[in-house]
file target-v4.csv (CSV, C-alpha atoms)
chain,number,residue,atom,x,y,z
P,312,MET,CA,16.6,2.1,12.0
P,313,ALA,CA,18.3,-0.5,14.1
P,314,LEU,CA,15.2,-2.7,13.8
P,315,LEU,CA,15.5,-2.6,10.1
P,316,LEU,CA,19.1,-3.9,10.2
P,317,ALA,CA,18.5,-6.7,12.6
P,318,ALA,CA,19.1,-10.2,11.4
P,319,PRO,CA,16.0,-12.4,10.8
P,320,ASP,CA,15.1,-14.9,13.6
P,321,VAL,CA,16.1,-18.4,12.7
P,322,ARG,CA,13.5,-20.2,14.9
P,323,ALA,CA,11.4,-21.3,11.9
P,324,GLN,CA,8.9,-23.9,13.1
P,325,THR,CA,5.6,-24.0,11.3
P,326,PRO,CA,5.5,-23.4,7.5
P,327,VAL,CA,2.8,-20.9,6.5
P,328,ASP,CA,1.8,-19.3,3.2
P,329,LEU,CA,1.8,-15.8,4.6
P,330,ALA,CA,3.0,-13.9,7.7
P,331,LEU,CA,0.7,-10.9,8.0
P,332,VAL,CA,0.9,-7.9,10.4
P,333,LEU,CA,-2.5,-6.1,10.6
P,334,ALA,CA,-1.6,-2.6,11.7
P,335,VAL,CA,-4.6,-0.6,12.9
P,336,ASP,CA,-4.7,3.2,13.3
P,337,SER,CA,-5.2,4.2,16.9
P,338,SER,CA,-4.1,7.9,16.7
P,339,ALA,CA,-5.9,11.0,17.9
P,340,SER,CA,-7.9,11.3,14.7
P,341,VAL,CA,-9.6,7.9,15.4
P,342,ASP,CA,-12.5,8.2,17.9
P,343,GLU,CA,-13.9,5.2,19.8
P,344,SER,CA,-16.7,4.5,17.3
P,345,GLU,CA,-14.1,4.6,14.4
P,346,PHE,CA,-11.8,2.2,16.2
P,347,ALA,CA,-14.7,-0.1,16.9
P,348,LEU,CA,-15.5,-0.1,13.1
P,349,GLN,CA,-11.9,-1.2,12.4
P,350,ARG,CA,-12.1,-3.9,15.0
P,351,GLY,CA,-15.5,-5.1,13.9
P,352,GLY,CA,-14.5,-5.0,10.3
P,353,MET,CA,-11.5,-7.2,10.8
P,354,ALA,CA,-13.5,-9.7,12.8
P,355,GLN,CA,-16.2,-9.8,10.2
P,356,ALA,CA,-13.6,-10.3,7.5
P,357,PHE,CA,-12.1,-13.4,9.2
P,358,ARG,CA,-15.6,-14.9,9.4
P,359,ASP,CA,-16.2,-14.3,5.7
P,360,PRO,CA,-16.3,-17.5,3.6
P,361,GLU,CA,-14.2,-16.0,0.8
P,362,VAL,CA,-11.5,-15.1,3.2
P,363,ILE,CA,-11.5,-18.5,4.7
P,364,LYS,CA,-11.5,-20.1,1.3
P,365,ALA,CA,-8.5,-17.9,0.4
P,366,ILE,CA,-6.6,-19.2,3.4
P,367,GLU,CA,-7.4,-22.8,2.6
P,368,SER,CA,-6.3,-22.4,-1.0
P,369,GLY,CA,-2.6,-21.9,-0.3
P,370,PRO,CA,-0.1,-24.7,-0.4
P,371,PHE,CA,0.1,-25.0,3.4
P,372,LYS,CA,-3.5,-23.9,3.9
P,373,ARG,CA,-2.6,-21.7,6.8
P,374,ILE,CA,-1.3,-18.2,7.5
P,375,ALA,CA,0.2,-16.4,10.5
P,376,VAL,CA,-1.4,-13.2,11.7
P,377,THR,CA,-0.6,-10.6,14.4
P,378,VAL,CA,-2.8,-7.5,15.1
P,379,VAL,CA,-1.2,-4.3,16.3
P,380,GLU,CA,-2.3,-0.7,17.1
P,381,TRP,CA,-0.2,2.3,16.2
P,382,ALA,CA,-0.2,6.1,16.7
P,383,GLY,CA,2.9,8.2,17.6
P,384,HIS,CA,6.5,7.3,16.8
P,385,ALA,CA,6.9,5.4,20.1
P,386,ASP,CA,3.3,4.3,20.4
P,387,GLN,CA,2.6,0.8,19.2
P,388,ALA,CA,0.9,-2.1,21.0
P,389,ILE,CA,0.4,-5.8,20.2
P,390,ASP,CA,-3.3,-6.6,20.4
P,391,ILE,CA,-3.0,-10.2,19.3
P,392,PRO,CA,0.4,-11.9,19.1
P,393,TRP,CA,1.4,-14.2,16.3
P,394,THR,CA,-1.4,-16.7,15.7
P,395,VAL,CA,-1.7,-19.5,13.1
P,396,VAL,CA,-5.0,-19.4,11.2
P,397,ASP,CA,-5.5,-22.8,9.6
P,398,GLY,CA,-8.9,-22.8,8.0
P,399,ALA,CA,-12.4,-22.1,9.2
P,400,ALA,CA,-11.9,-23.0,12.9
P,401,GLY,CA,-8.7,-20.9,13.2
P,402,ALA,CA,-10.3,-17.9,11.3
P,403,LEU,CA,-13.4,-18.0,13.5
P,404,ASP,CA,-11.4,-18.2,16.6
P,405,LEU,CA,-9.3,-15.2,15.5
P,406,ALA,CA,-12.4,-13.3,14.7
P,407,ASP,CA,-13.7,-13.9,18.2
P,408,ARG,CA,-10.5,-12.7,19.7
P,409,ILE,CA,-10.5,-9.5,17.6
P,410,ASP,CA,-14.1,-8.8,18.7
P,411,GLY,CA,-13.0,-9.0,22.3
P,412,LEU,CA,-10.1,-6.5,21.9
P,413,GLU,CA,-10.0,-3.4,24.0
P,414,ARG,CA,-8.2,-0.3,22.6
P,415,GLN,CA,-4.7,0.1,24.2
P,416,ILE,CA,-3.6,3.4,22.6
P,417,LEU,CA,-6.1,6.2,23.2
P,418,THR,CA,-4.5,9.0,21.4
P,419,GLY,CA,-1.2,10.2,19.7
P,420,ALA,CA,0.3,11.5,16.6
P,421,THR,CA,0.3,9.7,13.2
P,422,SER,CA,3.6,8.0,12.7
P,423,ILE,CA,3.4,5.7,9.8
P,424,ALA,CA,7.2,5.4,9.9
P,425,GLY,CA,7.0,4.2,13.5
P,426,ALA,CA,4.3,1.7,12.7
P,427,LEU,CA,6.2,0.3,9.8
P,428,SER,CA,9.4,-0.1,11.9
P,429,PHE,CA,7.5,-1.8,14.6
P,430,ALA,CA,5.6,-4.1,12.2
P,431,ASN,CA,8.9,-5.0,10.5
P,432,SER,CA,10.5,-6.0,13.8
P,433,LEU,CA,7.7,-8.4,14.3
P,434,LEU,CA,8.1,-9.9,10.9
P,435,LEU,CA,11.9,-10.3,11.4
P,436,SER,CA,11.3,-12.3,14.6
P,437,HIS,CA,8.3,-14.3,13.8
P,438,PRO,CA,8.6,-18.1,14.7
P,439,PHE,CA,7.4,-19.4,11.3
P,440,GLU,CA,8.7,-20.4,7.9
P,441,ALA,CA,6.8,-18.0,5.7
P,442,ASP,CA,6.8,-17.7,1.9
P,443,ARG,CA,5.6,-14.1,2.1
P,444,LEU,CA,5.9,-11.3,4.6
P,445,VAL,CA,3.3,-8.6,4.5
P,446,ILE,CA,2.4,-5.4,6.5
P,447,ASP,CA,-1.2,-4.4,6.1
P,448,LEU,CA,-1.4,-0.8,7.4
P,449,SER,CA,-4.7,1.0,7.8
P,450,GLY,CA,-4.8,4.8,8.4
P,451,ASP,CA,-6.7,8.0,7.9
P,452,GLY,CA,-3.8,10.5,7.8
P,453,ARG,CA,-0.2,11.3,6.6
P,454,ASN,CA,3.0,10.6,8.6
P,455,ASN,CA,3.5,13.6,10.9
P,456,GLN,CA,6.0,12.3,13.4
P,457,GLY,CA,9.3,10.4,13.3
P,458,PRO,CA,11.6,10.0,10.3
P,459,PRO,CA,10.5,10.3,6.7
P,460,VAL,CA,8.3,7.4,5.9
P,461,GLU,CA,10.0,6.9,2.6
P,462,THR,CA,13.3,6.1,4.4
P,463,ILE,CA,11.6,3.5,6.6
P,464,ARG,CA,9.8,2.0,3.6
P,465,LYS,CA,13.0,1.5,1.7
P,466,GLY,CA,14.6,-0.3,4.6
P,467,VAL,CA,11.5,-2.5,5.2
P,468,VAL,CA,11.2,-3.5,1.5
P,469,ALA,CA,14.9,-4.3,1.4
P,470,GLN,CA,14.1,-7.1,4.0
P,471,GLY,CA,11.8,-8.8,1.5
P,472,VAL,CA,8.6,-7.4,3.1
P,473,THR,CA,5.6,-6.1,1.1
P,474,ILE,CA,3.8,-3.1,2.5
P,475,ASN,CA,0.1,-2.7,1.5
P,476,GLY,CA,-2.1,0.2,2.6
P,477,LEU,CA,-5.7,0.7,3.4
P,478,ALA,CA,-6.4,4.5,3.1
P,479,ILE,CA,-9.4,5.7,4.9
P,480,VAL,CA,-10.2,8.9,3.0
P,481,ASN,CA,-12.9,10.5,5.3
P,482,GLU,CA,-10.7,13.4,6.2
P,483,HIS,CA,-8.1,13.5,3.4
P,484,PRO,CA,-9.7,12.7,0.0
P,485,THR,CA,-6.3,12.3,-1.7
P,486,LEU,CA,-4.8,10.0,1.0
P,487,ASN,CA,-4.7,7.0,-1.4
P,488,TYR,CA,-2.3,8.9,-3.6
P,489,TYR,CA,0.0,9.6,-0.6
P,490,PHE,CA,-0.1,5.9,0.3
P,491,GLU,CA,0.7,4.9,-3.3
P,492,ASP,CA,3.6,7.4,-3.5
P,493,ARG,CA,5.2,7.2,-0.1
P,494,VAL,CA,3.9,4.2,2.0
P,495,ILE,CA,3.4,1.0,0.0
P,496,GLY,CA,6.3,-1.0,-1.5
P,497,GLY,CA,7.5,-4.5,-2.3
P,498,THR,CA,6.2,-7.3,-4.4
P,499,ALA,CA,2.6,-6.8,-5.7
P,500,ALA,CA,2.1,-3.9,-3.3
P,501,PHE,CA,-1.3,-2.1,-3.5
P,502,VAL,CA,-3.6,0.3,-1.9
P,503,GLU,CA,-7.2,-0.4,-0.9
P,504,VAL,CA,-9.6,2.5,-0.3
P,505,ALA,CA,-12.3,3.0,2.3
P,506,ASN,CA,-14.4,6.1,1.7
P,507,ASP,CA,-15.0,6.4,5.4
P,508,TYR,CA,-14.9,4.2,8.5
P,509,GLY,CA,-18.3,2.8,7.7
P,510,ASP,CA,-16.8,1.5,4.5
P,511,TYR,CA,-13.9,-0.1,6.4
P,512,PRO,CA,-15.4,-3.6,6.7
P,513,ARG,CA,-15.9,-3.9,2.9
P,514,ALA,CA,-12.4,-2.6,2.3
P,515,ILE,CA,-10.6,-4.8,4.7
P,516,ARG,CA,-12.4,-7.9,3.4
P,517,ARG,CA,-11.3,-7.1,-0.2
P,518,LYS,CA,-7.8,-6.3,1.0
P,519,LEU,CA,-7.4,-9.6,2.9
P,520,ILE,CA,-8.6,-11.7,0.1
P,521,ARG,CA,-6.2,-10.0,-2.3
P,522,GLU,CA,-3.3,-10.3,0.1
P,523,ILE,CA,-3.9,-13.9,0.9
P,524,ARG,CA,-4.4,-14.9,-2.7
P,525,THR,CA,-1.6,-12.7,-4.2
P,526,MET,CA,-0.1,-15.7,-6.0
P,527,ASN,CA,-3.4,-17.0,-7.3
P,528,ILE,CA,-4.2,-14.6,-10.2
P,529,SER,CA,-7.3,-16.6,-11.2
P,530,ALA,CA,-9.1,-16.0,-7.9
P,531,PRO,CA,-12.4,-14.3,-8.9
P,532,SER,CA,-12.8,-12.3,-5.7
P,533,VAL,CA,-9.4,-10.6,-5.9
P,534,PRO,CA,-9.8,-7.0,-7.1
P,535,THR,CA,-7.6,-6.1,-10.1
P,536,SER,CA,-5.3,-3.1,-10.0
P,537,GLN,CA,-7.8,-1.3,-12.2
P,538,GLU,CA,-10.6,-1.9,-9.7
P,539,THR,CA,-8.4,-0.6,-6.9
P,540,ALA,CA,-7.6,2.5,-8.9
P,541,ARG,CA,-11.4,3.0,-9.4
P,542,ALA,CA,-12.2,2.4,-5.7
P,543,TRP,CA,-11.9,6.1,-4.8
P,544,ARG,CA,-13.3,8.9,-6.8
P,545,PRO,CA,-13.7,12.5,-5.5
P,546,HIS,CA,-17.1,13.9,-5.1
P,547,ALA,CA,-18.1,16.6,-7.6
P,548,THR,CA,-17.5,19.3,-5.0
P,549,GLU,CA,-14.0,18.1,-4.5
P,550,LEU,CA,-12.9,18.1,-8.1
P,551,ALA,CA,-12.3,21.8,-8.3
P,552,THR,CA,-10.1,21.8,-5.2
P,553,LEU,CA,-7.9,18.7,-5.9
P,554,PRO,CA,-4.3,19.7,-6.3
P,555,ALA,CA,-2.2,18.7,-9.3
P,556,ALA,CA,-0.1,15.6,-8.9
P,557,SER,CA,3.1,17.6,-8.3
P,558,GLU,CA,1.4,19.6,-5.5
P,559,ARG,CA,-0.4,16.9,-3.5
P,560,TRP,CA,2.1,16.8,-0.7

call {"tool": "encode", "arguments": {"input": "target-v4.csv", "output": "structure tokens"}}
result
Amino acid sequence: MALLLAAPDVRAQTPVDLALVLAVDSSASVDESEFALQRGGMAQAFRDPEVIKAIESGPFKRIAVTVVEWAGHADQAIDIPWTVVDGAAGALDLADRIDGLERQILTGATSIAGALSFANSLLLSHPFEADRLVIDLSGDGRNNQGPPVETIRKGVVAQGVTINGLAIVNEHPTLNYYFEDRVIGGTAAFVEVANDYGDYPRAIRRKLIREIRTMNISAPSVPTSQETARAWRPHATELATLPAASERW
């Protein structure tokens, strides 16, 4: 909680349209091939022409990005420190760096609360002048360690940060509802859904485009809230077992 109350760093240097923390699930539920799909999906997204176009469409034509892994309440690691992505060259360079990452956290609990606190501390100390502060959290499970995630969310959002979620529903088919109810928050917050890890590259691409272009409502590649709501649908065999809204958690 002390991290949530810390004063923002005043070392603003480079103006950027967005300061973005990409928080990648590295808990025990994520095996090596699944982590590789997250890593490869992020790299592929930053090579995508639409993502590059979105970066170049902002007033400053650049964003700042840091990539972190998270698992248990005290288990977070910075994979890529704050990096300015200023168009195609910067995006491709970041993609190459992401491709070369080695996993730092090999196992652990699922502490979304810890991940949000850690990501928030990075946003409060970033050395940029950013119009928007966003945490992009990917995960395949519910918070099971540390303080209540709703408490941390409230503190993070109070700092002017938007929390978006990418729910990977391979093990928990209603995880997107959990993210909507308990994890995301702030201006224009939303949940993107990946049906499994193989679907992660598509989902992270869509999510990045929407996050980067949040203020550009005319951008054709940005999914609408209705599209996001339709992004996950239960299989027929799951319909009979889905809990009522009041019983989901």

call {"tool": "atom_distance", "arguments": {"input": "target-v4.csv", "atom1": "CA of Asp410 (chain P)", "atom2": "CA of Phe371 (chain P)"}}
result
26.4 Å

call {"tool": "atom_distance", "arguments": {"input": "target-v4.csv", "atom1": "CA of Phe346 (chain P)", "atom2": "CA of Asp390 (chain P)"}}
result
12.9 Å

call {"tool": "closest_residue", "arguments": {"input": "target-v4.csv", "among": "P:Arg464, P:Lys372, P:Arg521, P:Arg408", "to": "Glu491 (chain P)", "atoms": "all atoms listed in the file"}}
result
P:Arg464

call {"tool": "residues_around", "arguments": {"input": "target-v4.csv", "residues": "Gly383 (chain P)", "least_positions_apart": "3", "cutoff": "7 Å", "atoms": "only C-alpha atoms", "output": "ChimeraX atom specification"}}
result
/P:386,419-422,456

call {"tool": "residues_around", "arguments": {"input": "target-v4.csv", "residues": "region 446-450 of chain P", "least_positions_apart": "2", "cutoff": "8 Å", "atoms": "all atoms listed in the file", "output": "PyMOL selection string"}}
result
chain P and resi 331-336+427+430-431+444+452+472-479

call {"tool": "residues_around", "arguments": {"input": "target-v4.csv", "residues": "Asp342 (chain P)", "least_positions_apart": "5", "cutoff": "10 Å", "atoms": "only C-alpha atoms", "output": "MDAnalysis selection string"}}
result
chainID P and resid 337 347 417:418

call {"tool": "write_last_selection", "arguments": {"input": "target-v4.csv", "atoms": "C-alpha atoms", "output": "PDB file, in the coordinates of the input"}}
result
ATOM      1  CA  SER P 337      -5.200   4.200  16.900  1.00  0.00           C
ATOM      2  CA  ALA P 347     -14.700  -0.100  16.900  1.00  0.00           C
ATOM      3  CA  LEU P 417      -6.100   6.200  23.200  1.00  0.00           C
ATOM      4  CA  THR P 418      -4.500   9.000  21.400  1.00  0.00           C
TER       5      THR P 418
END

call {"tool": "residues_around", "arguments": {"input": "target-v4.csv", "residues": "Val494 (chain P)", "least_positions_apart": "6", "cutoff": "10 Å", "atoms": "only C-alpha atoms", "output": "MDAnalysis selection string"}}
result
chainID P and resid 423:424 427 448 453:454 460:465 474:476 487:488 500:502

call {"tool": "atom_distance", "arguments": {"input": "target-v4.csv", "atom1": "CA of Leu329 (chain P)", "atom2": "CA of Ile389 (chain P)"}}
result
18.6 Å

call {"tool": "closest_residue", "arguments": {"input": "target-v4.csv", "among": "P:Ala499, P:Ile523, P:Val445, P:Leu433", "to": "Val379 (chain P)", "atoms": "all atoms listed in the file"}}
result
P:Leu433

call {"tool": "closest_residue", "arguments": {"input": "target-v4.csv", "among": "P:Gln387, P:Thr325, P:Asn506, P:Ser432", "to": "Arg414 (chain P)", "atoms": "only C-alpha atoms"}}
result
P:Gln387

call {"tool": "closest_residue", "arguments": {"input": "target-v4.csv", "among": "P:Ala399, P:Val362, P:Val341, P:Val480", "to": "Ala505 (chain P)", "atoms": "only C-alpha atoms"}}
result
P:Val480

call {"tool": "residues_near_point", "arguments": {"input": "target-v4.csv", "point": "(-15.5, -6.7, 12.8)", "cutoff": "10 Å", "atoms": "all atoms listed in the file", "output": "list of chain:residue names"}}
result
P:Ala347, P:Leu348, P:Gln349, P:Arg350, P:Gly351, P:Gly352, P:Met353, P:Ala354, P:Gln355, P:Ala356, P:Phe357, P:Arg358, P:Ala406, P:Asp407, P:Ile409, P:Asp410, P:Tyr511, P:Pro512, P:Ile515, P:Arg516

call {"tool": "closest_residue", "arguments": {"input": "target-v4.csv", "among": "P:Glu413, P:Leu519, P:Ser428, P:Val395", "to": "Glu440 (chain P)", "atoms": "only C-alpha atoms"}}
result
P:Val395
